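Q: Below you'll find the structure I mean.
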2 protein chains.
Amino acid sequence: MENNQEQEDKKPTEIADLGEFGLIRYLTKDFPLKNESTLKGVGDDAAVLHFGDKEALVTTDLLLEGIHFDLRYVPLKHLGYKAAVVNFSDVYAMNGTPKQITVSLGISSRFTLQHIEELYSGIRLACEVYGVDLVGGDTSASVTGLVISITCLGEGNKDEIVYRDGAKPTDLICVSGDLGAAYMGLQLLERENRVAAQSGNPDFQPDFAGKEYILERQLKPEARKDIIAALREAGVKPTSMMDVSDGLSSELLHICHNSNTGCRVYEEKIPIDYQTAVMAEELNMNLVMAAMNGGEDYELLFTVPLTDHDKINKIKGVSVIGYVTKPELGCALVTRDGAEIPIKAQGWSAFLTNNK
Amino acid sequence: MENNQEQEDKKPTEIADLGEFGLIRYLTKDFPLKNESTLKGVGDDAAVLHFGDKEALVTTDLLLEGIHFDLRYVPLKHLGYKAAVVNFSDVYAMNGTPKQITVSLGISSRFTLQHIEELYSGIRLACEVYGVDLVGGDTSASVTGLVISITCLGEGNKDEIVYRDGAKPTDLICVSGDLGAAYMGLQLLERENRVAAQSGNPDFQPDFAGKEYILERQLKPEARKDIIAALREAGVKPTSMMDVSDGLSSELLHICHNSNTGCRVYEEKIPIDYQTAVMAEELNMNLVMAAMNGGEDYELLFTVPLTDHDKINKIKGVSVIGYVTKPELGCALVTRDGAEIPIKAQGWSAFLTNNK
């Protein structure tokens with residue numbers, strides 16, 4: 001009898017017991033509003049925002065279990081953090097500042113309230129770190145897996161917003177941080193998961209020693225708020241900008257297509273971390289291809305006028321990787337031995353998950 | 001050989017052939033921008049909006065196959081229309097005007113491009129009818145059913161936005177149109193689907209004669225833009241307002257909870273269409289319960305000061321159904337014989353789909 005009582009106490013809270021409105025109230029109670037532009041957050045038909053003389057930016061992302069994430073390797077808190085941050089990254093990539101998000105969840109019956117709280121704790125942490133308000137959302141049952149849809153609102157000064165279509169021939173092509181690490185982190189997680197499954201040992205401990213950086217890049221990426229601030233401080237306004245979510249190749253083609261230009265990018269200039277290189281070596285994978293096509297780096301890819309060369313050189317964590325050309329020259333990667341390889345979009349595509 | 005060629009021509013276009021960016025470009029090409037506040041729509045990291053001296057409103061809805069819709073009875077075009085309109089309805093319920101939407105889709109492999117075009121044709125029609133711009137979104141594969149996430153941005157004058165918390169004792173409680181029809185339309189669809197399944201006849205024709213209104217209320221609801229305009233013209237600003245998506249009972253409780261009031265609503269005053277009543281009779285269901293708890297009506301529920309009584313009476317399509325009381329009186333339905341029944345939220349809940 002006592003044992004039964006104990007089990008009762010430990011029983012995870014069922015989401016259906018709270019009801020939809022109870023659940024939203026419960027999950028959003030620890031999200032204090034931080035921005036002046038947020039007049040009214042969760043709890044009415046719509047949130048109310050005031051942008052005054054700024055432009056409003058809006059971006060949205062849909063994440064589906066089995067397509068965009070695999071809960072065998074991704075802790076729910078990290079998933080929540082990443083789901084929010086990838087949206088912030090899109091707003092920074094417009095040279096704006098993220099201010100509000102809405103979060104909609106579809107939750108299948110295998111998730112308890114504690115699971116969803118874990119997910120929300122990651123979202124809350126991201127909101128704290130980036131100064132963003134949660135202002136609304138929608139929560140419902142799902143007959144299948146977990147569905148996360150996040151929309152982010154941001155603001156930017158009219159004269160400072162940077163689009164994808166402003167690159168000009170002779171502009172320098174720049175990228176922040178390093179590339180390919182998130183992709184190699186995913187390869188590592190997938191390998192350790194296979195090894196665990198083959199071992200048949202439920203207590204199997206994956207070996208992540210010396211690979212913490214690539215793991216973190218996959219599980220807990222950051223949006224490059226710092227680079228946006230550094231560019232502003234240096235007085236540099238990029239002529240075009242995107243975040244690297246699908247892979248450098250794919251994003252370069254977007255910028256060149258939208259700006260009606262070509263580009264030359266130098267293999268030897270592409271920033272790659274040591275751990276990324278070691279992992280590619282271990283898995284016998286082409287390192288440059290991983291950096292060009294891996295995706296999920298959430299670094300900023302941008303172009304600046306040639307005259308800003310000295311200013312850019314002074315910004316820590318930014319690499320100049322090539323230059324913009326006339327459109328008739330096409331888009332090419334220049335290898336270490338001087339050969340030109342046409343750049344193709346082999347970026348991460350959720351429609352080609354099996355080929356990834 | 002010729003036959004093969006013919007089959008080839010008729011082969012539905014595979015979504016994977018287009019790729020994600022190709023698909024978004026393809027689907028969004030027929031959405032011309034209509035609003036001055038839309039500076040940049042689809043095609044960059046974020047859309048760019050300008051609200052000037054207005055407040056921005058934002059609302060979002062997630063629709064999951066098997067929970068919110070059943071493609072056995074809902075044509076994709078209608079689904080697209082409804083998915084957009086229910087968001088517009090939330091913005092009108094703030095006394096605002098919907099201006100932009102983002103549409104994110106998760107698409108499982110059983111859908112062809114033609115299917116998704118059907119869905120988008122409904123979204124496009126809704127955008128045309130309500131003067132809304134499509135400004136962004138996200139499209140990906142889904143391992144399970146169809147997922148639709150729509151976020152709507154709107155604008156409103158600071159002094160005109162209506163929240164849920166402004167109802168005062170003695171205010172009149174008003175509702176537009178009639179209630180319970182969408183719910184009865186769903187019952188009809190479910191019944192005809194059962195009959196079709198039992199008949200085993202693939203050419204079974206459902207019998208919808210004389211039930212067109214309740215069917216349309218379920219499949220193609222409209223947002224009450226006209227009522228918002230009529231209220232403005234009559235010089236009436238509601239003290240509180242919501243749209244009836246979960247059911248009248250649920251929405252009344254929201255308004256009373258947020259406004260710290262009670263309410264009395266008269267059974268005999270609840271507007272119910274003739275077809276709704278006939279269907280309830282046929283199915284041996286309680287008509288008033290259907291009208292109180294059915295949901296998906298997308299009518300406007302609002303409160304106005306008693307002094308606006310004459311102005312409200314002149315607006316076609318608005319019924320006064322009761323009045324706001326002090327909180328200690330609670331929320332009750334007054335039956336035809338004068339009994340008071342406490343109002344409980346039995347509204348449509350996506351967490352209780354089996355009990356619906």
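FYI, nothing fancy with the structure tokens labels: chains A, B, ... in order, residues from 1 per chain, ligands from 1 as they appear.
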Quick one: residues within 12 Å of Met241 (chain A), only C-alpha atoms counted, chain neighbours fewer than 5 positions away excluded, as a VMD selection string?
A: (chain A and resid 89 to 96 160 to 167 172 to 176 227 to 228 231 251 to 252 254 to 256 258 to 259 299 to 304) or (chain B and resid 44 to 46)
Q: Near region 101-115 of chain B, counting only C-alpha atoms, which residues have an atom at most 7 Å away, once you skip same-chain residues fewer than 2 positions from it, shown as a PyMOL selection string?
A: (chain A and resi 62) or (chain B and resi 12-15+117-119+133-153)
Q: Superposing chain A on chain B by least squares with every Cα paired in order, what RMSD results?
A: 0.1 Å
Q: Let me make sure I understand: among A:Ala332, A:Ala182, A:Ala277, A:Val244, which one has the smallest atom-to-atom distance to Arg224 (chain A) if we use only C-alpha atoms?
A: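 Once distances to Arg224 (chain A) are computed over only C-alpha atoms, the minimum belongs to A:Val244.
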Q: I want to know what sits within 9 Å of region 201-208 of chain B, based on only C-alpha atoms, with residues of the same chain fewer than 6 positions away left out; could you give that as number ranges by chain?
A: B: 188-189, 192-193, 195, 215
Q: Give the helix (DSSP H, G or I) residues of region 165-301 of chain B, as assigned by DSSP on the backbone, as a PyMOL selection string.
A: chain B and resi 181-199+212-219+225-233+248-259+267-269+274-282+287-293
Q: Next, dump the selected residues to file, keeping only C-alpha atoms, as a compact mmCIF listing (two decimals), in the first residue's frame.
A:
# COMPACT_ATOMS: atom_id res chain seq x y z
CA ALA B 181 -23.34 25.10 -36.75
CA ALA B 182 -19.65 24.23 -37.32
CA TYR B 183 -19.87 21.51 -34.70
CA MET B 184 -23.01 20.05 -36.25
CA GLY B 185 -21.31 20.21 -39.65
CA LEU B 186 -18.53 18.05 -38.24
CA GLN B 187 -21.05 15.58 -36.81
CA LEU B 188 -22.64 15.34 -40.25
CA LEU B 189 -19.29 14.72 -41.96
CA GLU B 190 -18.41 12.05 -39.42
CA ARG B 191 -21.76 10.35 -39.83
CA GLU B 192 -21.60 10.29 -43.62
CA ASN B 193 -18.06 8.96 -43.40
CA ARG B 194 -19.21 6.10 -41.16
CA VAL B 195 -22.08 5.32 -43.50
CA ALA B 196 -19.73 5.34 -46.48
CA ALA B 197 -17.33 2.98 -44.71
CA GLN B 198 -20.16 0.61 -43.75
CA SER B 199 -21.63 0.60 -47.26
CA GLU B 212 -25.23 23.06 -46.89
CA TYR B 213 -25.03 25.79 -44.29
CA ILE B 214 -23.69 23.68 -41.42
CA LEU B 215 -21.26 22.00 -43.82
CA GLU B 216 -19.90 25.34 -44.98
CA ARG B 217 -19.61 26.55 -41.40
CA GLN B 218 -17.36 23.57 -40.67
CA LEU B 219 -15.36 23.51 -43.89
CA LYS B 225 -14.35 41.42 -40.53
CA ASP B 226 -17.83 42.82 -41.30
CA ILE B 227 -18.81 42.96 -37.62
CA ILE B 228 -15.58 44.80 -36.71
CA ALA B 229 -16.37 47.33 -39.45
CA ALA B 230 -20.00 47.66 -38.31
CA LEU B 231 -18.96 48.24 -34.68
CA ARG B 232 -16.50 50.91 -35.79
CA GLU B 233 -19.13 52.58 -37.94
CA LEU B 248 -19.05 29.88 -26.10
CA SER B 249 -18.75 28.42 -22.57
CA SER B 250 -14.98 28.36 -22.71
CA GLU B 251 -14.73 31.91 -24.11
CA LEU B 252 -17.21 33.33 -21.59
CA LEU B 253 -15.11 31.87 -18.79
CA HIS B 254 -11.95 33.38 -20.30
CA ILE B 255 -13.49 36.85 -20.45
CA CYS B 256 -14.97 36.62 -16.96
CA HIS B 257 -11.75 35.18 -15.50
CA ASN B 258 -9.58 37.85 -17.12
CA SER B 259 -12.00 40.69 -16.29
CA GLU B 267 -30.52 30.08 -23.23
CA GLU B 268 -33.36 31.56 -25.28
CA LYS B 269 -31.11 34.37 -26.56
CA TYR B 274 -32.44 26.19 -38.27
CA GLN B 275 -30.10 23.62 -39.92
CA THR B 276 -28.12 23.31 -36.70
CA ALA B 277 -31.32 22.55 -34.79
CA VAL B 278 -32.49 19.99 -37.36
CA MET B 279 -29.15 18.18 -37.30
CA ALA B 280 -29.11 18.06 -33.48
CA GLU B 281 -32.63 16.62 -33.60
CA GLU B 282 -31.59 13.97 -36.15
CA LEU B 287 -28.86 21.59 -29.07
CA VAL B 288 -27.96 24.13 -26.39
CA MET B 289 -24.92 22.11 -25.33
CA ALA B 290 -23.80 21.99 -28.97
CA ALA B 291 -24.16 25.77 -29.26
CA MET B 292 -22.43 26.39 -25.90
CA ASN B 293 -19.54 23.94 -26.35
Q: DSSP on the backbone, strand (DSSP E) only: what residues of region 177-257 of chain A does that give? Format it as a list of chain:residue names.
A: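 The strand (DSSP E) subset of region 177-257 of chain A is A:Ser240, A:Met241, A:Met242, A:Asp243.
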Q: As an exercise, work out the distance from CA of Gly180 (chain B) to CA of Asp297 (chain B) in Å and give it to one decimal place.
A: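 Calculated distance between CA of Gly180 (chain B) and CA of Asp297 (chain B) is 6.8 Å.
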Q: Using only C-alpha atoms, can you tell me which of A:Leu333, A:Glu296, A:Leu27, A:Glu340 comes closest to Phe69 (chain A)?
A: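 Answer, going by the shortest atom-to-atom distance: A:Glu296.
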Q: So that I can check the surroundings of Lys220 (chain B), please list as a PyMOL selection string every protein, DNA and RNA residue that reaches within 8 Å of it, counting only C-alpha atoms and ignoring chain neighbours fewer than 5 positions away.
A: chain B and resi 78-79+81-82
Q: Those residues you just picked out, can you put them in a file as a compact mmCIF listing (two decimals), in the first residue's frame with all heavy atoms?
A:
# COMPACT_ATOMS: atom_id res chain seq x y z
N HIS B 78 -10.09 23.83 -48.90
CA HIS B 78 -10.83 24.34 -47.74
C HIS B 78 -9.95 24.39 -46.50
O HIS B 78 -10.02 25.33 -45.71
CB HIS B 78 -12.04 23.44 -47.45
CG HIS B 78 -13.16 23.62 -48.41
ND1 HIS B 78 -13.18 23.03 -49.64
CD2 HIS B 78 -14.30 24.34 -48.32
CE1 HIS B 78 -14.28 23.38 -50.28
NE2 HIS B 78 -14.98 24.17 -49.50
N LEU B 79 -9.12 23.37 -46.35
CA LEU B 79 -8.24 23.34 -45.18
C LEU B 79 -7.30 24.55 -45.18
O LEU B 79 -7.10 25.20 -44.15
CB LEU B 79 -7.44 22.03 -45.19
CG LEU B 79 -6.47 21.85 -44.03
CD1 LEU B 79 -7.21 21.82 -42.70
CD2 LEU B 79 -5.66 20.56 -44.21
N TYR B 81 -7.80 27.43 -46.66
CA TYR B 81 -8.60 28.63 -46.42
C TYR B 81 -8.87 28.78 -44.92
O TYR B 81 -8.63 29.83 -44.33
CB TYR B 81 -9.92 28.52 -47.19
CG TYR B 81 -10.73 29.79 -47.21
CD1 TYR B 81 -10.48 30.76 -48.17
CD2 TYR B 81 -11.73 30.02 -46.28
CE1 TYR B 81 -11.23 31.93 -48.21
CE2 TYR B 81 -12.47 31.19 -46.30
CZ TYR B 81 -12.22 32.14 -47.26
OH TYR B 81 -12.95 33.30 -47.29
N LYS B 82 -9.32 27.69 -44.32
CA LYS B 82 -9.68 27.73 -42.90
C LYS B 82 -8.45 28.00 -42.02
O LYS B 82 -8.52 28.78 -41.07
CB LYS B 82 -10.32 26.39 -42.51
CG LYS B 82 -10.80 26.32 -41.07
CD LYS B 82 -11.66 25.07 -40.85
CE LYS B 82 -12.02 24.87 -39.39
NZ LYS B 82 -12.95 23.73 -39.20
Q: Between A:Ile315, A:Ala47, A:Cys263, A:Leu283, which residue has the minimum interatomic distance to chain B, considering only C-alpha atoms?
A: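 Closest candidate: A:Ala47.
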Q: Which of these, A:Gly294, A:Pro327, A:Gly200, A:Pro98, has the shortest distance to chain B once you count only C-alpha atoms?
A: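 So, comparing all the options, the nearest one is A:Pro98.
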Q: Restricting the calculation to only C-alpha atoms, which member of B:Asp273, B:Asp337, B:Glu222, B:Asp53 is positioned closest to chain A?
A: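 With only C-alpha atoms as the atom set, the closest residue is B:Asp53.
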